[in-house]
$ cat my_file_0.cif   # mmCIF, N, CA and C atoms
data_input
#
loop_
_atom_site.group_PDB
_atom_site.id
_atom_site.type_symbol
_atom_site.label_atom_id
_atom_site.label_comp_id
_atom_site.auth_asym_id
_atom_site.auth_seq_id
_atom_site.Cartn_x
_atom_site.Cartn_y
_atom_site.Cartn_z
ATOM 1 N N MET A 1 116.983 88.102 102.664
ATOM 2 C CA MET A 1 116.107 87.091 102.119
ATOM 3 C C MET A 1 115.670 86.132 103.223
ATOM 4 N N ARG A 2 116.572 85.798 104.115
ATOM 5 C CA ARG A 2 116.233 84.876 105.199
ATOM 6 C C ARG A 2 115.157 85.481 106.103
ATOM 7 N N LYS A 3 115.231 86.798 106.307
ATOM 8 C CA LYS A 3 114.217 87.458 107.131
ATOM 9 C C LYS A 3 112.836 87.319 106.504
ATOM 10 N N MET A 4 112.790 87.424 105.171
ATOM 11 C CA MET A 4 111.519 87.302 104.459
ATOM 12 C C MET A 4 110.944 85.898 104.621
ATOM 13 N N VAL A 5 111.780 84.892 104.486
ATOM 14 C CA VAL A 5 111.335 83.503 104.638
ATOM 15 C C VAL A 5 110.848 83.269 106.066
ATOM 16 N N ASN A 6 111.598 83.765 107.040
ATOM 17 C CA ASN A 6 111.188 83.610 108.437
ATOM 18 C C ASN A 6 109.862 84.315 108.697
ATOM 19 N N PHE A 7 109.712 85.511 108.136
ATOM 20 C CA PHE A 7 108.471 86.249 108.326
ATOM 21 C C PHE A 7 107.293 85.492 107.730
ATOM 22 N N LEU A 8 107.439 85.031 106.485
ATOM 23 C CA LEU A 8 106.353 84.298 105.833
ATOM 24 C C LEU A 8 106.018 83.009 106.574
ATOM 25 N N SER A 9 107.042 82.314 107.036
ATOM 26 C CA SER A 9 106.814 81.081 107.800
ATOM 27 C C SER A 9 106.040 81.382 109.075
ATOM 28 N N GLY A 10 106.451 82.416 109.773
ATOM 29 C CA GLY A 10 105.770 82.797 111.007
ATOM 30 C C GLY A 10 104.343 83.240 110.764
ATOM 31 N N ALA A 11 104.133 84.000 109.697
ATOM 32 C CA ALA A 11 102.785 84.470 109.378
ATOM 33 C C ALA A 11 101.863 83.303 109.048
ATOM 34 N N LEU A 12 102.348 82.367 108.254
ATOM 35 C CA LEU A 12 101.526 81.212 107.892
ATOM 36 C C LEU A 12 101.248 80.321 109.097
ATOM 37 N N LEU A 13 102.259 80.128 109.924
ATOM 38 C CA LEU A 13 102.060 79.321 111.129
ATOM 39 C C LEU A 13 101.074 80.013 112.067
ATOM 40 N N GLY A 14 101.214 81.315 112.220
ATOM 41 C CA GLY A 14 100.289 82.073 113.066
ATOM 42 C C GLY A 14 98.861 81.994 112.558
ATOM 43 N N ALA A 15 98.699 82.081 111.245
ATOM 44 C CA ALA A 15 97.363 81.978 110.662
ATOM 45 C C ALA A 15 96.765 80.600 110.918
ATOM 46 N N ALA A 16 97.582 79.572 110.787
ATOM 47 C CA ALA A 16 97.101 78.206 111.011
ATOM 48 C C ALA A 16 96.683 78.005 112.463
ATOM 49 N N VAL A 17 97.517 78.454 113.380
ATOM 50 C CA VAL A 17 97.205 78.301 114.805
ATOM 51 C C VAL A 17 95.971 79.123 115.159
ATOM 52 N N GLY A 18 95.899 80.343 114.653
ATOM 53 C CA GLY A 18 94.740 81.198 114.921
ATOM 54 C C GLY A 18 93.451 80.589 114.408
ATOM 55 N N ALA A 19 93.494 80.039 113.208
ATOM 56 C CA ALA A 19 92.302 79.407 112.641
ATOM 57 C C ALA A 19 91.884 78.196 113.464
ATOM 58 N N LEU A 20 92.856 77.420 113.900
ATOM 59 C CA LEU A 20 92.556 76.239 114.706
ATOM 60 C C LEU A 20 91.936 76.631 116.045
ATOM 61 N N VAL A 21 92.517 77.605 116.718
ATOM 62 C CA VAL A 21 91.994 78.048 118.016
ATOM 63 C C VAL A 21 90.592 78.625 117.850
ATOM 64 N N ALA A 22 90.392 79.458 116.832
ATOM 65 C CA ALA A 22 89.071 80.051 116.606
ATOM 66 C C ALA A 22 88.027 78.973 116.346
ATOM 67 N N THR A 23 88.398 77.972 115.588
ATOM 68 C CA THR A 23 87.463 76.895 115.280
ATOM 69 C C THR A 23 87.147 76.071 116.521
ATOM 70 N N LEU A 24 88.155 75.801 117.318
ATOM 71 C CA LEU A 24 87.935 75.002 118.527
ATOM 72 C C LEU A 24 87.090 75.743 119.556
ATOM 73 N N LEU A 25 87.191 77.048 119.594
ATOM 74 C CA LEU A 25 86.432 77.827 120.569
ATOM 75 C C LEU A 25 85.020 78.153 120.087
ATOM 76 N N ALA A 26 84.751 77.977 118.823
ATOM 77 C CA ALA A 26 83.428 78.266 118.280
ATOM 78 C C ALA A 26 82.466 77.140 118.642
ATOM 79 N N PRO A 27 81.256 77.500 119.029
ATOM 80 C CA PRO A 27 80.275 76.459 119.362
ATOM 81 C C PRO A 27 79.765 75.778 118.089
ATOM 82 N N ALA A 28 80.056 74.494 117.973
ATOM 83 C CA ALA A 28 79.596 73.720 116.810
ATOM 84 C C ALA A 28 79.579 72.246 117.190
ATOM 85 N N PRO A 29 78.657 71.486 116.608
ATOM 86 C CA PRO A 29 78.627 70.045 116.866
ATOM 87 C C PRO A 29 79.857 69.349 116.283
ATOM 88 N N GLY A 30 80.158 68.167 116.782
ATOM 89 C CA GLY A 30 81.351 67.414 116.393
ATOM 90 C C GLY A 30 81.600 67.286 114.902
ATOM 91 N N PRO A 31 80.676 66.687 114.146
ATOM 92 C CA PRO A 31 80.920 66.520 112.702
ATOM 93 C C PRO A 31 81.092 67.859 111.975
ATOM 94 N N GLU A 32 80.304 68.835 112.374
ATOM 95 C CA GLU A 32 80.418 70.161 111.750
ATOM 96 C C GLU A 32 81.790 70.767 112.052
ATOM 97 N N LEU A 33 82.247 70.601 113.279
ATOM 98 C CA LEU A 33 83.560 71.105 113.678
ATOM 99 C C LEU A 33 84.665 70.406 112.884
ATOM 100 N N GLN A 34 84.545 69.098 112.718
ATOM 101 C CA GLN A 34 85.543 68.356 111.942
ATOM 102 C C GLN A 34 85.587 68.844 110.495
ATOM 103 N N ASN A 35 84.419 69.068 109.907
ATOM 104 C CA ASN A 35 84.374 69.564 108.531
ATOM 105 C C ASN A 35 84.994 70.952 108.425
ATOM 106 N N GLU A 36 84.713 71.799 109.399
ATOM 107 C CA GLU A 36 85.278 73.149 109.402
ATOM 108 C C GLU A 36 86.796 73.096 109.540
ATOM 109 N N LEU A 37 87.293 72.266 110.452
ATOM 110 C CA LEU A 37 88.739 72.120 110.616
ATOM 111 C C LEU A 37 89.385 71.608 109.330
ATOM 112 N N ARG A 38 88.781 70.607 108.740
ATOM 113 C CA ARG A 38 89.314 70.039 107.497
ATOM 114 C C ARG A 38 89.376 71.110 106.408
ATOM 115 N N SER A 39 88.323 71.877 106.290
ATOM 116 C CA SER A 39 88.267 72.928 105.280
ATOM 117 C C SER A 39 89.343 73.982 105.513
ATOM 118 N N ARG A 40 89.504 74.395 106.752
ATOM 119 C CA ARG A 40 90.513 75.411 107.062
ATOM 120 C C ARG A 40 91.928 74.887 106.819
ATOM 121 N N VAL A 41 92.177 73.648 107.199
ATOM 122 C CA VAL A 41 93.503 73.061 106.969
ATOM 123 C C VAL A 41 93.779 72.970 105.469
ATOM 124 N N GLU A 42 92.790 72.558 104.696
ATOM 125 C CA GLU A 42 92.965 72.484 103.243
ATOM 126 C C GLU A 42 93.256 73.864 102.657
ATOM 127 N N ASN A 43 92.547 74.886 103.131
ATOM 128 C CA ASN A 43 92.787 76.249 102.647
ATOM 129 C C ASN A 43 94.196 76.717 102.996
ATOM 130 N N ILE A 44 94.644 76.389 104.187
ATOM 131 C CA ILE A 44 95.999 76.770 104.603
ATOM 132 C C ILE A 44 97.031 76.041 103.742
ATOM 133 N N GLN A 45 96.802 74.762 103.475
ATOM 134 C CA GLN A 45 97.724 74.004 102.622
ATOM 135 C C GLN A 45 97.809 74.619 101.229
ATOM 136 N N ILE A 46 96.684 75.012 100.687
ATOM 137 C CA ILE A 46 96.663 75.640 99.363
ATOM 138 C C ILE A 46 97.455 76.940 99.386
ATOM 139 N N GLU A 47 97.250 77.737 100.420
ATOM 140 C CA GLU A 47 97.959 79.015 100.530
ATOM 141 C C GLU A 47 99.462 78.808 100.701
ATOM 142 N N VAL A 48 99.848 77.823 101.491
ATOM 143 C CA VAL A 48 101.275 77.537 101.685
ATOM 144 C C VAL A 48 101.901 77.088 100.364
ATOM 145 N N ARG A 49 101.220 76.222 99.643
ATOM 146 C CA ARG A 49 101.747 75.776 98.343
ATOM 147 C C ARG A 49 101.875 76.944 97.369
ATOM 148 N N ARG A 50 100.872 77.820 97.359
ATOM 149 C CA ARG A 50 100.908 78.974 96.470
ATOM 150 C C ARG A 50 102.078 79.888 96.815
ATOM 151 N N ALA A 51 102.262 80.163 98.110
ATOM 152 C CA ALA A 51 103.362 81.027 98.541
ATOM 153 C C ALA A 51 104.714 80.397 98.218
ATOM 154 N N ALA A 52 104.830 79.093 98.422
ATOM 155 C CA ALA A 52 106.090 78.401 98.132
ATOM 156 C C ALA A 52 106.391 78.435 96.637
ATOM 157 N N GLU A 53 105.387 78.226 95.812
ATOM 158 C CA GLU A 53 105.575 78.258 94.362
ATOM 159 C C GLU A 53 105.972 79.664 93.902
ATOM 160 N N GLU A 54 105.322 80.661 94.453
ATOM 161 C CA GLU A 54 105.659 82.044 94.105
ATOM 162 C C GLU A 54 107.101 82.362 94.495
ATOM 163 N N ARG A 55 107.488 81.944 95.680
ATOM 164 C CA ARG A 55 108.859 82.194 96.145
ATOM 165 C C ARG A 55 109.868 81.430 95.290
ATOM 166 N N ARG A 56 109.533 80.203 94.894
ATOM 167 C CA ARG A 56 110.413 79.415 94.041
ATOM 168 C C ARG A 56 110.648 80.136 92.717
ATOM 169 N N ARG A 57 109.568 80.664 92.130
ATOM 170 C CA ARG A 57 109.706 81.398 90.870
ATOM 171 C C ARG A 57 110.589 82.629 91.042
ATOM 172 N N GLU A 58 110.412 83.347 92.153
ATOM 173 C CA GLU A 58 111.241 84.524 92.419
ATOM 174 C C GLU A 58 112.715 84.139 92.523
ATOM 175 N N LEU A 59 112.987 83.065 93.251
ATOM 176 C CA LEU A 59 114.371 82.633 93.420
ATOM 177 C C LEU A 59 114.977 82.153 92.103
ATOM 178 N N GLU A 60 114.192 81.451 91.297
ATOM 179 C CA GLU A 60 114.681 81.010 89.993
ATOM 180 C C GLU A 60 115.008 82.210 89.107
ATOM 181 N N GLU A 61 114.170 83.230 89.166
ATOM 182 C CA GLU A 61 114.412 84.442 88.384
ATOM 183 C C GLU A 61 115.684 85.143 88.853
ATOM 184 N N GLN A 62 115.864 85.233 90.164
ATOM 185 C CA GLN A 62 117.074 85.858 90.703
ATOM 186 C C GLN A 62 118.317 85.066 90.298
ATOM 187 N N LEU A 63 118.233 83.755 90.362
ATOM 188 C CA LEU A 63 119.358 82.907 89.975
ATOM 189 C C LEU A 63 119.690 83.082 88.494
ATOM 190 N N ALA A 64 118.667 83.132 87.663
ATOM 191 C CA ALA A 64 118.886 83.333 86.231
ATOM 192 C C ALA A 64 119.547 84.685 85.977
ATOM 193 N N ASN A 65 119.131 85.707 86.707
ATOM 194 C CA ASN A 65 119.740 87.029 86.553
ATOM 195 C C ASN A 65 121.198 87.008 86.990
ATOM 196 N N LEU A 66 121.489 86.304 88.061
ATOM 197 C CA LEU A 66 122.871 86.217 88.533
ATOM 198 C C LEU A 66 123.757 85.466 87.541
ATOM 199 N N ARG A 67 123.187 84.486 86.884
ATOM 200 C CA ARG A 67 123.942 83.703 85.903
ATOM 201 C C ARG A 67 124.061 84.434 84.566
ATOM 202 N N GLY A 68 123.334 85.509 84.429
ATOM 203 C CA GLY A 68 123.382 86.266 83.187
ATOM 204 C C GLY A 68 122.364 85.825 82.165
ATOM 205 N N GLU A 69 121.452 84.944 82.567
ATOM 206 C CA GLU A 69 120.384 84.496 81.676
ATOM 207 C C GLU A 69 119.248 85.500 81.767
ATOM 208 N N LYS A 70 118.543 85.665 80.692
ATOM 209 C CA LYS A 70 117.405 86.597 80.736
ATOM 210 C C LYS A 70 116.177 85.965 80.165
#
$ encode --input "my_file_0.cif" --output "C-alpha coordinates"
Amino acid sequence: MRKMVNFLSGALLGAAVGALVATLLAPAPGPELQNELRSRVENIQIEVRRAAEERRRELEEQLANLRGEK
(Lines of atoms letter the chains of each structure in order from A and count residues from 1; the text may use other names and numbers.)
(Lines give C-alpha, C1' and ligand atoms only; values in the text may rest on other atoms or scores of the structure.)
Protein backbone atom coordinates (compact mmCIF):
# COMPACT_ATOMS: atom_id res chain seq x y z
CA MET A 1 0.00 0.00 0.00
CA ARG A 2 2.85 2.38 0.80
CA LYS A 3 4.30 1.79 -2.67
CA MET A 4 0.98 2.83 -4.20
CA VAL A 5 0.86 6.05 -2.17
CA ASN A 6 4.47 6.84 -3.08
CA PHE A 7 3.77 6.16 -6.74
CA LEU A 8 0.67 8.37 -6.80
CA SER A 9 2.48 11.14 -4.94
CA GLY A 10 5.37 11.00 -7.38
CA ALA A 11 3.08 10.92 -10.40
CA LEU A 12 1.10 13.94 -9.22
CA LEU A 13 4.23 15.87 -8.32
CA GLY A 14 5.77 15.01 -11.69
CA ALA A 15 2.64 16.17 -13.49
CA ALA A 16 2.67 19.45 -11.57
CA VAL A 17 6.34 20.12 -12.27
CA GLY A 18 5.95 19.14 -15.92
CA ALA A 19 2.97 21.44 -16.37
CA LEU A 20 4.82 24.31 -14.73
CA VAL A 21 7.95 23.84 -16.86
CA ALA A 22 5.91 23.52 -20.06
CA THR A 23 3.99 26.67 -19.24
CA LEU A 24 7.12 28.64 -18.39
CA LEU A 25 8.83 27.60 -21.62
CA ALA A 26 5.83 28.39 -23.81
CA PRO A 27 5.88 31.81 -25.46
CA ALA A 28 3.07 33.86 -23.91
CA PRO A 29 2.62 37.38 -22.55
CA GLY A 30 2.77 37.93 -18.78
CA PRO A 31 -0.95 38.11 -17.89
CA GLU A 32 -1.77 35.23 -20.22
CA LEU A 33 1.01 33.16 -18.65
CA GLN A 34 -0.27 33.94 -15.15
CA ASN A 35 -3.79 32.88 -16.13
CA GLU A 36 -2.48 29.66 -17.66
CA LEU A 37 -0.42 28.86 -14.56
CA ARG A 38 -3.38 29.58 -12.30
CA SER A 39 -5.61 27.34 -14.38
CA ARG A 40 -3.12 24.48 -14.39
CA VAL A 41 -2.53 24.73 -10.64
CA GLU A 42 -6.28 24.71 -10.02
CA ASN A 43 -6.67 21.62 -12.23
CA ILE A 44 -3.87 19.86 -10.37
CA GLN A 45 -5.46 20.75 -7.02
CA ILE A 46 -8.77 19.31 -8.18
CA GLU A 47 -7.08 16.11 -9.35
CA VAL A 48 -5.15 15.75 -6.09
CA ARG A 49 -8.33 16.21 -4.05
CA ARG A 50 -10.16 13.68 -6.21
CA ALA A 51 -7.36 11.11 -5.86
CA ALA A 52 -7.16 11.67 -2.10
CA GLU A 53 -10.92 11.27 -1.70
CA GLU A 54 -10.91 8.10 -3.79
CA ARG A 55 -8.05 6.66 -1.73
CA ARG A 56 -9.81 7.62 1.51
CA ARG A 57 -12.92 5.73 0.41
CA GLU A 58 -10.81 2.69 -0.49
CA LEU A 59 -9.10 2.72 2.89
CA GLU A 60 -12.40 3.15 4.74
CA GLU A 61 -13.80 0.17 2.84
CA GLN A 62 -10.75 -1.94 3.67
CA LEU A 63 -10.99 -0.95 7.34
CA ALA A 64 -14.69 -1.82 7.43
CA ASN A 65 -13.91 -5.22 5.90
CA LEU A 66 -11.19 -5.85 8.47
CA ARG A 67 -13.57 -4.95 11.28
CA GLY A 68 -16.17 -7.30 9.87
CA GLU A 69 -18.56 -4.55 8.82
CA LYS A 70 -20.16 -4.83 5.42
$ closest_residue --input "my_file_0.cif" --among "A:Ala64, A:Arg57, A:Leu37, A:Val48" --to "Ala19 (chain A)" --atoms "only N, CA and C atoms"
A:Leu37
$ atom_distance --input "my_file_0.cif" --atom1 "CA of Gly10 (chain A)" --atom2 "CA of Arg56 (chain A)"
17.9 Å
$ axis_aligned_box --input "my_file_0.cif" --around "region 65-69 of chain A" --padding-each-side "3 Å" --output "AutoDock Vina command-line options"
--center_x 121.6 --center_y 85.4 --center_z 85.1 --size_x 10.9 --size_y 9.3 --size_z 12.9
$ atom_distance --input "my_file_0.cif" --atom1 "CA of Asn43 (chain A)" --atom2 "CA of Gly18 (chain A)"
13.4 Å
$ atom_distance --input "my_file_0.cif" --atom1 "CA of Gln34 (chain A)" --atom2 "atom C of Val17 (chain A)"
15.3 Å
